[in-house]
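Visitor: Quick one: this structure, given as structure tokens, is what I'll be asking you about.
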Amino acid sequence: MTEPKRGWLSRLSEGLSRTSKQMTDQVAQVLVARPLDQTQLGALEEMLIEADLGPQAAARIAQAFGVQRFGKSSTEIQVKEALAQAIAEELIPREGRFDPLGGPRPNVVLFIGVNGSGKTTTLGKIAADLTERGAKVLIAAGDTFRAAAVEQLGVWAERSGADFISRPTGADAAGLAFDALEKARAERYDVLLIDTAGRLQNKQGLMDELTKMIRVLHKIDPDAPHEVLLVLDATVGRNALAQENVFGNAIGVTGIVMTKLDGTARGGVLVPVAQASDSPIKLIGVGEGIDDLQPFDARAFSRSLVGLEEPAYG
Ligand SMILES: Nc1nc2c(ncn2[C@@H]2O[C@H](COP(=O)(O)OP(=O)(O)OP(=O)(O)O)[C@@H](O)[C@H]2O)c(=O)[nH]1
Ligand SMILES: [Mg+2]
């Protein structure tokens with residue numbers, strides 16, 4: 001995920017098109033009279049809140065935007081450029097880099113998040129990207145709660161050409177994580193990707209299991225896991241904020257992955273999540289396909305969000 005692939009910008013814009021379409025329609029409505037007056041700035045702020053950017057960021061962005069002087073002849077593109085710039089200012093400090101091949105080996109990456117958020121899919125996409133770049137990758141099916149979860153991950157392992165380690169349903173996930181890391185060290189893997197359950201009998205049970213997994217990994221390598229990626233689903237809107245809070249307070253999260261930005265007109269929710277979290281946004285998911293996971297690029301994201309880049313292929 002360090003080198004964006006060809007066409008990634010169109011995929012980003014395509015993925016964000018639901019949000020950007022809504023924003024574009026509203027920007028056009030806001031801009032009936034120029035130069036902008038207070039009413040229009042208020043409408044703009046309202047539009048940002050509707051796209052789930054959150055009241056604080058919306059107010060700051062509208063204010064930053066209001067300082068600009070738009071003459072009577074300013075075009076919609078110019079206005080969007082200014083809007084994208086104001087959104088990017090909010091996000092640039094929250095941008096992080098996912099680089100599992102940049103540090104010590106094996107690099108251990110743990111995927112956490114509520115059920116259905118996209119952990120297994122994200123792990124699979126990352127595995128495919130890493131093997132394509134020549135890395136030796138081991139996948140551990142740490143979601144031992146559901147048999148179907150192990151199968152789903154096995155399919156991703158096969159597709160990506162990564163090796164796979166699993167246990168029967170109901171097995172101890174921490175024990176599996178321990179064995180996986182021993183294997184990864186002994187057999188000189190570059191990266192170990194560990195999936196986890198999104199739901200157990202209850203929330204406390206899940207948090208206990210995750211902290212136990214981290215504890216046993218520490219025993220083998222005090223620096224492991226090197227990365228704890230919290231996977232959040234953008235389509236749940238502001239619920240993603242609550243999830244960030246729960247996991248972020250219980251587990252030492254090192255980076256956020258925001259998935260399903262293609263499935264919502266409220267992709268702006270990334271902004272309040274990025275600002276509420278102690279850890280940066282590292283990756284975004286803009287579709288179900290193997291190439292639909294991208295490094296988070298605040299500028300490109302902001303431009304696509306307001307519909308500046310055309311989602312054209314080729
Ligand atoms: N449209 C879209 N769908 C996605 C994206 N990421 C994941 N999905 C879909 O979301 C659904 C749930 O994804 P999973 O990866 O199974 O989620 P999970 O977090 O592993 O869920 P549990 O194993 O139940 O905890 C699947 O149908 C994925 O294809 C994305 O970026 N865009
Ligand atoms: Mg899963």
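Ordering of the structure tokens sets the chain letters (A, B, ...), residue numbers begin anew at 1 in every chain, and ligands are numbered from 1 in the order given.
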Can you list, as JSON, numbers by chain, every protein, DNA or RNA residue that comes within 7 Å of Val108 (chain A) when you count only C-alpha atoms, leaving out same-chain residues fewer than 2 positions away?

Guide: {"A": [106, 110, 191, 192, 193, 224, 225, 226, 227]}

Visitor: Those same residues, written as a PDB file, in the first residue's frame with C-alpha atoms?

Guide:
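What follows is the written file again_30.pdb:
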ATOM      1  CA  PRO A 106       8.519 -10.317  10.724  1.00  0.00           C
ATOM      2  CA  LEU A 110      -3.297  -7.072  13.986  1.00  0.00           C
ATOM      3  CA  VAL A 191       4.839  -9.963   7.465  1.00  0.00           C
ATOM      4  CA  LEU A 192       2.339 -11.715   9.724  1.00  0.00           C
ATOM      5  CA  LEU A 193      -1.258 -10.551   9.301  1.00  0.00           C
ATOM      6  CA  ALA A 224       4.848  -6.995  18.444  1.00  0.00           C
ATOM      7  CA  PRO A 225       2.291  -6.290  17.220  1.00  0.00           C
ATOM      8  CA  HIS A 226       4.037  -3.551  15.279  1.00  0.00           C
ATOM      9  CA  GLU A 227       0.772  -2.320  13.921  1.00  0.00           C
TER      10      GLU A 227
END

Visitor: Give me, as a VMD selection string, the set of residues whose atoms come within 12 Å of any atom of ligand 2, counting only C-alpha atoms and all ligand atoms.

Guide: chain A and resid 111 to 124 140 to 154 156 194 to 199 231

Visitor: Write down as a PyMOL selection string the residues of region 62-255 of chain A whose backbone DSSP state falls under helix (DSSP H, G or I).

Guide: chain A and resi 62-66+76-94+119-132+147-160+173-186+203-220+234-236+239-250

Visitor: Tell me, as number ranges by chain, which residues lie within 10 Å of Ala64 (chain A), counting only C-alpha atoms; anything in the same chain fewer than 6 positions away does not count.

Guide: A: 58, 82-83, 85-87, 89

Visitor: Which residue gives the smallest distance to Gly205 (chain A) among A:Ala28, A:Leu9, A:Val269, A:Ala250, with only C-alpha atoms counted?

Guide: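 Among the listed residues, A:Ala250 lies closest to Gly205 (chain A).
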
Visitor: Could you jot down the CA of Ile139 (chain A) to CA of Glu182 (chain A) separation for me, Å, one decimal place?

Guide: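 One can read the CA of Ile139 (chain A) to CA of Glu182 (chain A) distance as 12.9 Å.
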